[in-house]
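Text of start_15.pdb (PDB, C-alpha atoms) as supplied:
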ATOM      1  CA  MET A  22     -15.282  31.458  -2.304
ATOM      2  CA  THR A  23     -16.179  34.764  -3.775
ATOM      3  CA  SER A  24     -16.795  38.082  -2.093
ATOM      4  CA  CYS A  25     -20.262  38.238  -3.573
ATOM      5  CA  SER A  26     -21.745  41.598  -2.603
ATOM      6  CA  ALA A  27     -18.695  43.740  -3.406
ATOM      7  CA  LEU A  28     -17.984  41.926  -6.663
ATOM      8  CA  ILE A  29     -21.570  42.094  -7.898
ATOM      9  CA  GLN A  30     -21.859  45.827  -7.208
ATOM     10  CA  THR A  31     -18.601  46.564  -9.029
ATOM     11  CA  VAL A  32     -19.102  44.522 -12.186
ATOM     12  CA  HIS A  33     -22.837  45.027 -12.711
ATOM     13  CA  ALA A  34     -23.624  46.065 -16.308
ATOM     14  CA  GLN A  35     -20.023  45.416 -17.381
ATOM     15  CA  VAL A  36     -19.566  41.643 -17.487
ATOM     16  CA  ASP A  37     -19.638  39.917 -20.889
ATOM     17  CA  GLU A  38     -21.876  36.947 -20.087
ATOM     18  CA  GLU A  39     -21.014  35.224 -23.377
ATOM     19  CA  GLN A  40     -17.266  35.170 -22.684
ATOM     20  CA  LEU A  41     -15.936  31.904 -21.284
ATOM     21  CA  GLY A  42     -13.844  32.420 -18.162
ATOM     22  CA  GLY A  43     -11.035  30.283 -16.789
ATOM     23  CA  TRP A  44     -10.566  29.138 -13.170
ATOM     24  CA  TYR A  45      -7.420  27.149 -12.278
ATOM     25  CA  SER A  46      -6.956  25.559  -8.833
ATOM     26  CA  TRP A  47      -4.525  23.498  -6.776
ATOM     27  CA  PHE A  48      -5.784  21.608  -3.706
ATOM     28  CA  TYR A  49      -3.444  20.089  -1.103
ATOM     29  CA  ASN A  50      -4.935  17.893   1.639
ATOM     30  CA  ARG A  51      -2.972  16.138   4.364
ATOM     31  CA  ASN A  52      -4.214  13.925   7.185
ATOM     32  CA  ILE A  53      -1.965  14.146  10.231
ATOM     33  CA  ASP A  54      -0.969  10.519  10.858
ATOM     34  CA  GLY A  55      -2.362   8.941  13.993
ATOM     35  CA  THR A  56      -4.631  11.878  14.816
ATOM     36  CA  PRO A  57      -8.145  13.065  13.885
ATOM     37  CA  TRP A  58      -6.656  16.297  12.489
ATOM     38  CA  ALA A  59      -6.096  17.336   8.874
ATOM     39  CA  THR A  60      -4.939  20.409   6.981
ATOM     40  CA  GLN A  61      -5.815  21.844   3.590
ATOM     41  CA  MET A  62      -4.381  24.514   1.302
ATOM     42  CA  ILE A  63      -6.000  25.916  -1.858
ATOM     43  CA  LEU A  64      -4.483  28.233  -4.468
ATOM     44  CA  GLN A  65      -6.726  29.602  -7.218
ATOM     45  CA  SER A  66      -6.415  31.903 -10.198
ATOM     46  CA  ARG A  67      -9.764  33.054 -11.588
ATOM     47  CA  ASN A  68     -10.101  34.957 -14.854
ATOM     48  CA  TRP A  69     -12.963  36.737 -16.583
ATOM     49  CA  ASP A  70     -11.554  35.283 -19.828
ATOM     50  CA  LEU A  71      -9.490  32.130 -20.264
ATOM     51  CA  ALA A  72      -6.124  33.594 -19.247
ATOM     52  CA  GLN A  73      -5.461  37.343 -19.135
ATOM     53  CA  ASP A  74      -8.277  39.312 -17.484
ATOM     54  CA  THR A  75      -7.886  38.462 -13.779
ATOM     55  CA  GLN A  76     -11.055  38.213 -11.721
ATOM     56  CA  GLN A  77      -9.633  36.962  -8.414
ATOM     57  CA  THR A  78      -6.671  35.238  -6.864
ATOM     58  CA  LEU A  79      -7.231  33.184  -3.715
ATOM     59  CA  VAL A  80      -5.021  31.661  -1.009
ATOM     60  CA  LEU A  81      -6.804  29.474   1.573
ATOM     61  CA  GLY A  82      -5.683  27.563   4.660
ATOM     62  CA  LEU A  83      -7.852  25.215   6.748
ATOM     63  CA  ILE A  84      -7.436  22.951   9.774
ATOM     64  CA  SER A  85     -10.093  20.336  10.464
ATOM     65  CA  TYR A  86     -11.006  17.766  13.122
ATOM     66  CA  LYS A  87     -13.057  14.566  12.794
ATOM     67  CA  PRO A  88     -14.061  12.855  16.056
ATOM     68  CA  GLU A  89     -13.768   9.076  16.081
ATOM     69  CA  ASP A  90     -16.913   7.265  14.895
ATOM     70  CA  HIS A  91     -18.523  10.594  13.980
ATOM     71  CA  PRO A  92     -19.848  11.405  10.489
ATOM     72  CA  LEU A  93     -18.866  15.097  10.457
ATOM     73  CA  ARG A  94     -15.503  16.803  10.002
ATOM     74  CA  TYR A  95     -15.327  20.273  11.568
ATOM     75  CA  GLY A  96     -13.049  22.957  10.174
ATOM     76  CA  LEU A  97     -11.750  26.465  10.819
ATOM     77  CA  GLY A  98     -10.050  28.439   8.088
ATOM     78  CA  TYR A  99      -8.985  31.683   6.501
ATOM     79  CA  TYR A 100      -8.588  32.865   2.929
ATOM     80  CA  HIS A 101      -7.337  35.993   1.216
ATOM     81  CA  LEU A 102      -8.825  37.323  -2.021
ATOM     82  CA  ARG A 103      -7.457  39.891  -4.435
ATOM     83  CA  ASN A 104     -10.368  41.077  -6.582
ATOM     84  CA  SER A 105     -10.279  42.850  -9.929
ATOM     85  CA  GLU A 106     -12.951  44.437 -12.104
ATOM     86  CA  PHE A 107     -13.986  42.992 -15.437
ATOM     87  CA  GLY A 108     -12.120  44.399 -18.445
ATOM     88  CA  PRO A 109      -8.879  46.354 -18.737
ATOM     89  CA  ALA A 110      -9.526  48.528 -15.654
ATOM     90  CA  ALA A 111      -6.822  48.172 -13.012
ATOM     91  CA  ASN A 112      -9.107  48.755 -10.021
ATOM     92  CA  THR A 113      -8.366  46.029  -7.449
ATOM     93  CA  TRP A 114      -9.137  45.459  -3.789
ATOM     94  CA  ASN A 115      -8.189  42.912  -1.133
ATOM     95  CA  GLU A 116     -10.455  40.908   1.122
ATOM     96  CA  ASP A 117      -9.877  38.734   4.184
ATOM     97  CA  VAL A 118     -12.312  35.958   5.100
ATOM     98  CA  ILE A 119     -12.497  33.735   8.176
ATOM     99  CA  PHE A 120     -14.860  30.760   8.249
ATOM    100  CA  GLN A 121     -16.094  27.684  10.070
ATOM    101  CA  GLN A 122     -17.624  24.650   8.429
ATOM    102  CA  GLY A 123     -18.984  21.145   8.800
ATOM    103  CA  LEU A 124     -18.277  18.483   6.147
ATOM    104  CA  TYR A 125     -20.151  15.203   5.696
ATOM    105  CA  THR A 126     -19.001  12.449   3.337
ATOM    106  CA  LYS A 127     -19.987   8.824   2.842
ATOM    107  CA  VAL A 128     -20.255   6.120   0.195
ATOM    108  CA  MET A 129     -23.745   5.319  -1.091
ATOM    109  CA  GLY A 130     -24.256   2.094  -2.981
ATOM    110  CA  GLU A 131     -21.429   0.735  -5.081
ATOM    111  CA  ARG A 132     -20.245   3.817  -6.977
ATOM    112  CA  ASN A 133     -21.639   7.003  -5.430
ATOM    113  CA  TYR A 134     -19.477   9.324  -3.322
ATOM    114  CA  PRO A 135     -21.627  12.239  -2.059
ATOM    115  CA  THR A 136     -20.393  15.187   0.029
ATOM    116  CA  GLN A 137     -22.233  17.965   1.838
ATOM    117  CA  ARG A 138     -20.687  21.070   3.390
ATOM    118  CA  LEU A 139     -22.189  23.947   5.358
ATOM    119  CA  ARG A 140     -19.935  26.981   5.825
ATOM    120  CA  LEU A 141     -20.360  30.287   7.678
ATOM    121  CA  GLU A 142     -18.025  33.100   6.567
ATOM    122  CA  GLU A 143     -17.111  36.554   7.868
ATOM    123  CA  HIS A 144     -15.917  38.840   5.038
ATOM    124  CA  PHE A 145     -13.692  41.878   5.599
ATOM    125  CA  PRO A 146     -13.238  43.651   2.224
ATOM    126  CA  GLU A 147     -11.226  46.836   1.788
ATOM    127  CA  GLN A 148     -13.320  50.033   1.803
ATOM    128  CA  ARG A 149     -16.551  48.031   1.673
ATOM    129  CA  GLU A 150     -19.010  46.835   4.282
ATOM    130  CA  ASN A 151     -18.175  43.691   6.215
ATOM    131  CA  HIS A 152     -20.719  40.929   5.726
ATOM    132  CA  ARG A 153     -21.523  37.327   6.603
ATOM    133  CA  MET A 154     -22.102  34.593   4.029
ATOM    134  CA  LEU A 155     -23.756  31.187   4.484
ATOM    135  CA  ARG A 156     -22.839  28.557   1.888
ATOM    136  CA  HIS A 157     -24.362  25.117   1.264
ATOM    137  CA  TYR A 158     -22.423  22.763  -1.003
ATOM    138  CA  VAL A 159     -23.591  19.371  -2.331
ATOM    139  CA  SER A 160     -21.485  17.192  -4.626
ATOM    140  CA  ILE A 161     -21.265  13.667  -5.942
ATOM    141  CA  LYS A 162     -18.479  11.712  -7.619
ATOM    142  CA  ARG A 163     -19.133   8.493  -9.527
ATOM    143  CA  PRO A 164     -16.396   6.230 -10.945
ATOM    144  CA  LEU A 165     -16.978   5.272 -14.558
ATOM    145  CA  ASN A 166     -14.466   2.491 -15.292
ATOM    146  CA  GLN A 167     -14.218   0.702 -11.939
ATOM    147  CA  PRO A 168     -16.316   0.281  -8.781
ATOM    148  CA  LEU A 169     -14.085   2.263  -6.409
ATOM    149  CA  LEU A 170     -12.590   5.744  -6.535
ATOM    150  CA  ASN A 171      -9.050   4.385  -6.449
ATOM    151  CA  SER A 172      -5.930   4.840  -8.548
ATOM    152  CA  GLY A 173      -6.744   4.646 -12.257
ATOM    153  CA  ALA A 174     -10.381   5.650 -11.895
ATOM    154  CA  TRP A 175     -12.090   7.973 -14.354
ATOM    155  CA  TYR A 176     -15.030   9.640 -12.666
ATOM    156  CA  LEU A 177     -17.921  12.051 -13.129
ATOM    157  CA  SER A 178     -17.991  15.014 -10.743
ATOM    158  CA  LEU A 179     -21.098  17.165 -10.137
ATOM    159  CA  TYR A 180     -21.807  19.866  -7.589
ATOM    160  CA  ASP A 181     -24.132  22.705  -6.664
ATOM    161  CA  GLU A 182     -23.284  25.470  -4.178
ATOM    162  CA  TYR A 183     -25.737  28.095  -2.953
ATOM    163  CA  PHE A 184     -24.686  31.331  -1.191
ATOM    164  CA  VAL A 185     -26.867  33.466   1.099
ATOM    165  CA  ASN A 186     -25.810  36.962   2.184
ATOM    166  CA  LEU A 187     -26.933  37.049   5.825
ATOM    167  CA  ASN A 188     -26.620  40.829   6.064
ATOM    168  CA  GLN A 189     -28.983  41.338   3.142
ATOM    169  CA  GLY A 190     -31.085  38.292   3.952
ATOM    170  CA  GLY A 191     -31.250  36.692   0.544
ATOM    171  CA  PHE A 192     -29.678  34.976  -2.444
ATOM    172  CA  ALA A 193     -26.155  36.052  -3.367
ATOM    173  CA  LEU A 194     -24.688  33.432  -5.687
ATOM    174  CA  ASN A 195     -25.183  29.943  -7.133
ATOM    175  CA  ARG A 196     -22.612  27.682  -8.784
ATOM    176  CA  VAL A 197     -23.446  24.518 -10.752
ATOM    177  CA  TYR A 198     -20.582  22.356 -12.018
ATOM    178  CA  ALA A 199     -20.113  19.242 -14.166
ATOM    179  CA  GLY A 200     -16.723  17.740 -14.920
ATOM    180  CA  LEU A 201     -14.617  14.688 -15.676
ATOM    181  CA  GLY A 202     -11.841  13.575 -13.345
ATOM    182  CA  HIS A 203      -9.011  11.057 -13.360
ATOM    183  CA  LYS A 204      -7.294   9.621 -10.291
ATOM    184  CA  ILE A 205      -3.706   9.235 -11.482
ATOM    185  CA  THR A 206      -2.492   7.666  -8.224
ATOM    186  CA  ASP A 207      -3.973   7.199  -4.768
ATOM    187  CA  HIS A 208      -2.577  10.652  -3.912
ATOM    188  CA  THR A 209      -2.991  12.669  -7.121
ATOM    189  CA  SER A 210      -5.956  13.474  -9.346
ATOM    190  CA  TRP A 211      -7.214  16.116 -11.736
ATOM    191  CA  GLN A 212     -10.553  17.398 -13.004
ATOM    192  CA  VAL A 213     -11.679  19.470 -15.970
ATOM    193  CA  GLY A 214     -15.206  20.816 -16.318
ATOM    194  CA  VAL A 215     -17.531  23.791 -16.727
ATOM    195  CA  MET A 216     -19.154  25.775 -13.928
ATOM    196  CA  ARG A 217     -22.173  28.042 -14.431
ATOM    197  CA  GLN A 218     -22.079  30.931 -11.962
ATOM    198  CA  ARG A 219     -25.253  32.956 -11.370
ATOM    199  CA  THR A 220     -25.349  36.144  -9.291
ATOM    200  CA  ARG A 221     -27.983  38.833  -8.868
ATOM    201  CA  ALA A 222     -26.354  40.760 -11.709
ATOM    202  CA  TYR A 223     -25.151  38.221 -14.298
ATOM    203  CA  GLU A 224     -24.665  34.588 -15.350
ATOM    204  CA  LYS A 225     -21.388  33.310 -16.736
ATOM    205  CA  ASP A 226     -19.664  30.027 -17.644
ATOM    206  CA  GLN A 227     -16.183  29.184 -16.360
ATOM    207  CA  LEU A 228     -13.848  26.524 -17.707
ATOM    208  CA  MET A 229     -12.294  24.883 -14.631
ATOM    209  CA  PHE A 230      -9.118  22.840 -14.231
ATOM    210  CA  ASN A 231      -8.349  21.425 -10.766
ATOM    211  CA  LEU A 232      -5.279  19.522  -9.556
ATOM    212  CA  PHE A 233      -5.531  17.588  -6.255
ATOM    213  CA  HIS A 234      -2.912  16.137  -3.940
ATOM    214  CA  HIS A 235      -4.176  13.994  -1.013
ATOM    215  CA  TYR A 236      -1.967  12.534   1.721
TER
END
With the file now loaded, output its structure as structure tokens.
Amino acid sequence: MTSCSALIQTVHAQVDEEQLGGWYSWFYNRNIDGTPWATQMILQSRNWDLAQDTQQTLVLGLISYKPEDHPLRYGLGYYHLRNSEFGPAANTWNEDVIFQQGLYTKVMGERNYPTQRLRLEEHFPEQRENHRMLRHYVSIKRPLNQPLLNSGAWYLSLYDEYFVNLNQGGFALNRVYAGLGHKITDHTSWQVGVMRQRTRAYEKDQLMFNLFHHY
């Protein structure tokens, strides 16, 4: 969910690729009872280091619709980013993003829970060119201690997400993640893992901690 072009231009030749970053997220998902509609909220704090050097803060809202007996869930959403340069510099800028997406999930075999998402974004950063981003996300979760991804499950979580800047017509960003999760209850889970982020300008590892609430 990064404003790729503006961020890459700003931090090029500055980022310490050896420094481990920290990304901390809260996800809230709610299905509206008796309807095909659902809502989602995401709050994220992203840091160039583990805690103090802010990279981005993000607030996202999404509403989605899944037709009956249809494999795809369609969504419309908006998120706001506050971006900051690497290091002690105080230069920051805001960015608004609207997007539409399709999400496909299913269960494969006894223990595999794959997901695919295709998202088209319109980015409106302050004092920078507007641009469109296409994102393709593929993930899989696999329970380790029980067959189903129910309460009490420990699970492996893997994903890859590829970003294309449609205005520039090429690669913008790639994220590869591996983590361990635990489903505390049917409605609450957490994950901890490491994500490798590669842009045109740098590659960097991020320690990630995610907390999920599902209703």
Could you state which residues are captured by the PyMOL selection byres ((chain A and resi 204-206) around 8) in this file, as a CSV table (one decimal) with C-alpha atoms, keeping the file's coordinate frame?
chain,number,residue,atom,x,y,z
A,170,LEU,CA,-12.6,5.7,-6.5
A,171,ASN,CA,-9.0,4.4,-6.4
A,172,SER,CA,-5.9,4.8,-8.5
A,173,GLY,CA,-6.7,4.6,-12.3
A,174,ALA,CA,-10.4,5.6,-11.9
A,175,TRP,CA,-12.1,8.0,-14.4
A,202,GLY,CA,-11.8,13.6,-13.3
A,203,HIS,CA,-9.0,11.1,-13.4
A,207,ASP,CA,-4.0,7.2,-4.8
A,208,HIS,CA,-2.6,10.7,-3.9
A,209,THR,CA,-3.0,12.7,-7.1
A,210,SER,CA,-6.0,13.5,-9.3
A,211,TRP,CA,-7.2,16.1,-11.7
Name all residues at most 7 Å from Trp47 in chain A (count all atoms listed in the file; drop same-chain ones fewer than 4 positions away) and give them as a list in words.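 That gives Ile63, Leu64, Gln65, Asn231, Leu232 and Phe233 of chain A.
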Restricting the calculation to all atoms listed in the file: of A:Leu71, A:Ile53, A:Val118, A:Leu201, which residue gets closest to Lys87 in chain A?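 Checking each of A:Leu71, A:Ile53, A:Val118, A:Leu201 against Lys87 in chain A, counting all atoms listed in the file, the winner is A:Ile53.
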Between CA of Thr126 in chain A and CA of His152 in chain A, what is the distance, to one decimal in Å?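 Atom-to-atom, CA of Thr126 in chain A and CA of His152 in chain A are spaced 28.6 Å apart.
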Figure out the distance between CA of Val213 in chain A and CA of Gln35 in chain A, please, to one decimal in Å. 27.3 Å
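Closest to Tyr223 in chain A among A:Met129, A:Leu141, A:Leu194, A:Ala199 is A:Leu194, based on all atoms listed in the file.
If you look at CA of Gln137 in chain A and CA of Ser178 in chain A, they are 13.6 Å away from each other.
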Once the PyMOL selection byres ((chain A and resi 68) around 10) is applied to the coordinates I shared, what remains selected? I want it as number ranges by chain. A: 41-45, 65-67, 69-78, 105, 107, 227-228
Using the chain letters and numbers from the file, give me the residues hit by the PyMOL selection byres ((chain A and resi 149) around 10), as a PDB file with C-alpha atoms, in the coordinates of the input.
ATOM      1  CA  SER A  26     -21.745  41.598  -2.603  1.00  0.00           C
ATOM      2  CA  ALA A  27     -18.695  43.740  -3.406  1.00  0.00           C
ATOM      3  CA  TRP A 114      -9.137  45.459  -3.789  1.00  0.00           C
ATOM      4  CA  GLU A 116     -10.455  40.908   1.122  1.00  0.00           C
ATOM      5  CA  HIS A 144     -15.917  38.840   5.038  1.00  0.00           C
ATOM      6  CA  PHE A 145     -13.692  41.878   5.599  1.00  0.00           C
ATOM      7  CA  PRO A 146     -13.238  43.651   2.224  1.00  0.00           C
ATOM      8  CA  GLU A 147     -11.226  46.836   1.788  1.00  0.00           C
ATOM      9  CA  GLN A 148     -13.320  50.033   1.803  1.00  0.00           C
ATOM     10  CA  GLU A 150     -19.010  46.835   4.282  1.00  0.00           C
ATOM     11  CA  ASN A 151     -18.175  43.691   6.215  1.00  0.00           C
ATOM     12  CA  HIS A 152     -20.719  40.929   5.726  1.00  0.00           C
TER      13      HIS A 152
END
For Leu83 in chain A, work out the shell of residues within 7 Å, counting all atoms listed in the file and skipping chain neighbours fewer than 2 positions away, then give it as a ChimeraX atom specification. /A:60-62,81,85,96-99
Print the selection's residues with C-alpha atoms to a file, as a short mmCIF file (atom, residue, chain, number, x, y, z; two decimals), keeping the file's coordinate frame.
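Result file part10.cif:
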data_model
loop_
_atom_site.label_atom_id
_atom_site.label_comp_id
_atom_site.auth_asym_id
_atom_site.auth_seq_id
_atom_site.Cartn_x
_atom_site.Cartn_y
_atom_site.Cartn_z
CA THR A 60 -4.94 20.41 6.98
CA GLN A 61 -5.82 21.84 3.59
CA MET A 62 -4.38 24.51 1.30
CA LEU A 81 -6.80 29.47 1.57
CA SER A 85 -10.09 20.34 10.46
CA GLY A 96 -13.05 22.96 10.17
CA LEU A 97 -11.75 26.46 10.82
CA GLY A 98 -10.05 28.44 8.09
CA TYR A 99 -8.98 31.68 6.50
#
Closest to Gly108 in chain A among A:Gln40, A:Ser46, A:Phe120, A:Gly200, using all atoms listed in the file?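 Comparing A:Gln40, A:Ser46, A:Phe120, A:Gly200 against Gly108 in chain A, the winner is A:Gln40.
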